Every structure is written in C-alpha cells, then in structure tokens.
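Colleague: Below you will find the structure I want to go over with you.
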Amino acid sequence: MVTLRIWFPSYDSKAKQIADWQIFGGSSCLTIDGVWGHAHISTRPLPETNNASDVARPNTLADDIKAAGGDTQHQWLFRHLDECRMVRFWGTVSSSMVSDPAGYSAATSFRTCDGVLAAGRGIAVESNPGLRLADRAQGFSTTAALASTFGDLGRRADHYLQVDHW
C-alpha cells in the first residue's frame, strides 16, 4: 500500500510575511509499505543539527509531521502499484537530491512524489535505453508534465483513484 500525503500551504497572517516559496509551497510525501519494500519519500530538508551522523539521515514520516506542525487530512491510499519499482526509483533519484533549506523548492516535493507514483504505475520515468521507443516517449512526456503544485498533485491523485483505479 502507498500513502500520499499533501500539506497545503498556510495562508494565515504570519505566513504572509514569509518568503513566497513557503506561502505558495506546501509539501508532500509518499510512504510505501509493501511486501517488496518499504520507504518514506520526502524531499523536505531536515532541521539543522549539530550531530554529524544526522546529515545523511533520510526523513521519516515523524520528521515530516513535526515539521508541518501535524499530520494532514489530505491523504490518498493507492493499491496495486509496483512498489518494488517505486523503491528502486526513489533509491536512484534520492542520491542526487540536495537537502538544502536555503535552496528548497516546494515544487521538488510534488514533482518527486508524482514521478515515483508514475513509476509505480509502470510508466518508464527512469532512463532505460533498453525500452521500446513508445515506452520511452511516454516516460518523457510524463516526466515533462509532472505536478509542480499541491493543487496539481491533489487533482492528479483524485483522477487516478476515480478514473484509473490504481
């Protein structure tokens, strides 16, 4: 089972004084809990710590909930995805991610989750020269159109649940 969580941005008066990426940002994460693998997929930068061993530590769901100030009500549960492929794809993509709070973009969070979900649906978003040309073309067009806002990702998740029936 795969759980997608989306935290919508806060529009209270305090948030209006913060940088634009936080006002229009929000964040998202995926939790994969399957027979073939487990992973928590999040690009949110961890808070700064003085412990050198925490520098390379990946986020956990508890880290995301704490950073957002609580869990979100906006959750989607997906079944029948290729969870093993999703975990492999995340392993490949996560090694190239830079977790820098100063350069963090909320769009990265949404695009990453959408890309991992596409991999789980069987779309060739990873580079694999051994694939058919049609599969590579579909992967390229899917990658070019990945969700970059909380609204895009939420609408896409609703569509997949109601129309594509993952």
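Ligands are numbered from 1 in the order shown, chains are lettered A, B, ... in the order of the structure tokens, and residues start at 1 in each chain.
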Do you know which residues are at most 12 Å from stretch 72-76 of chain A counting only C-alpha atoms, after dropping those on the same chain fewer than 3 positions away, and could you put them as a PyMOL selection string?

Modeller: chain A and resi 1-9+26-31+61+64-69+79+117+150-151+153-162+166

Colleague: Of the residues A:Trp90, A:Phe140, A:Tyr104, A:Phe78, which is the one nearest to A:His38, using only C-alpha atoms?

Modeller: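 That would be A:Trp90, the residue with the smallest distance to A:His38.
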
Colleague: I want to know what sits within 9 Å of A:Val87, based on only C-alpha atoms, with residues of the same chain fewer than 6 positions away left out; could you give that as a list in words?

Modeller: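 In the requested form, the answer reads Ile32, Trp36, Gly37, His38, Ala39, Ile41, Val116 and Gly120 of chain A.
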
Colleague: Select, from A:Thr149, A:Ala62, A:Asp164, A:Asp33, the residue with the minimum atom-to-atom distance to A:Cys113, counting only C-alpha atoms.

Modeller: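 Once distances to A:Cys113 are computed over only C-alpha atoms, the minimum belongs to A:Thr149.
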
Colleague: Just the residues within 8 Å of stretch 126-130 of chain A, please, counting only C-alpha atoms, with nothing from its chain fewer than 5 positions along; format it as a PDB file with all heavy atoms, in the first residue's frame.

Modeller:
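Everything below was put into around_28.pdb:
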ATOM      1  N   PHE A  89      13.331   3.221  -7.869  1.00  0.00           N
ATOM      2  CA  PHE A  89      13.399   4.541  -8.496  1.00  0.00           C
ATOM      3  C   PHE A  89      13.760   5.605  -7.464  1.00  0.00           C
ATOM      4  O   PHE A  89      14.596   6.469  -7.728  1.00  0.00           O
ATOM      5  CB  PHE A  89      12.060   4.858  -9.174  1.00  0.00           C
ATOM      6  CG  PHE A  89      12.038   6.199  -9.859  1.00  0.00           C
ATOM      7  CD1 PHE A  89      12.842   6.440 -10.959  1.00  0.00           C
ATOM      8  CD2 PHE A  89      11.221   7.217  -9.404  1.00  0.00           C
ATOM      9  CE1 PHE A  89      12.832   7.669 -11.599  1.00  0.00           C
ATOM     10  CE2 PHE A  89      11.197   8.447 -10.033  1.00  0.00           C
ATOM     11  CZ  PHE A  89      12.002   8.681 -11.130  1.00  0.00           C
ATOM     12  N   ALA A 119       6.192   5.870 -11.751  1.00  0.00           N
ATOM     13  CA  ALA A 119       6.993   4.642 -11.836  1.00  0.00           C
ATOM     14  C   ALA A 119       6.196   3.455 -11.303  1.00  0.00           C
ATOM     15  O   ALA A 119       6.245   2.358 -11.867  1.00  0.00           O
ATOM     16  CB  ALA A 119       8.301   4.799 -11.056  1.00  0.00           C
ATOM     17  N   ARG A 136       9.589   4.839 -23.942  1.00  0.00           N
ATOM     18  CA  ARG A 136      10.464   5.960 -23.596  1.00  0.00           C
ATOM     19  C   ARG A 136       9.787   7.292 -23.879  1.00  0.00           C
ATOM     20  O   ARG A 136       9.921   8.250 -23.122  1.00  0.00           O
ATOM     21  CB  ARG A 136      11.792   5.867 -24.342  1.00  0.00           C
ATOM     22  CG  ARG A 136      12.653   4.724 -23.828  1.00  0.00           C
ATOM     23  CD  ARG A 136      14.046   4.772 -24.345  1.00  0.00           C
ATOM     24  NE  ARG A 136      14.082   4.863 -25.807  1.00  0.00           N
ATOM     25  CZ  ARG A 136      15.139   4.598 -26.543  1.00  0.00           C
ATOM     26  NH1 ARG A 136      16.252   4.244 -25.969  1.00  0.00           N
ATOM     27  NH2 ARG A 136      15.097   4.701 -27.844  1.00  0.00           N
ATOM     28  N   GLY A 139       7.302   7.936 -21.129  1.00  0.00           N
ATOM     29  CA  GLY A 139       8.036   8.325 -19.928  1.00  0.00           C
ATOM     30  C   GLY A 139       8.518   9.759 -19.998  1.00  0.00           C
ATOM     31  O   GLY A 139       8.430  10.509 -19.027  1.00  0.00           O
TER      32      GLY A 139
END

Colleague: Please, what distance in Å, to one decimal, runs between atom CA of A:Asn59 and atom CA of A:Ser141?

Modeller: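 Separating atom CA of A:Asn59 from atom CA of A:Ser141 is a distance of 29.2 Å.
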
Colleague: Which value, in Å to one decimal, gives the distance between atom CA of A:Ala144 and atom CA of A:Gly34?

Modeller: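 Computing it gives 28.1 Å between the two atoms.
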
Colleague: So which one's closest to A:Thr92, A:Gln138, A:Ser10, A:Ser105, A:Thr112? Using only C-alpha atoms, please.

Modeller: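 Closest to A:Thr92 of all the choices is A:Thr112.
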
Colleague: Enter the distance from atom CA of A:Val163 to atom CA of A:Arg121, in Å, rounded to one decimal.

Modeller: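 Taking atom CA of A:Val163 as the start and atom CA of A:Arg121 as the end point, the length is 13.4 Å.
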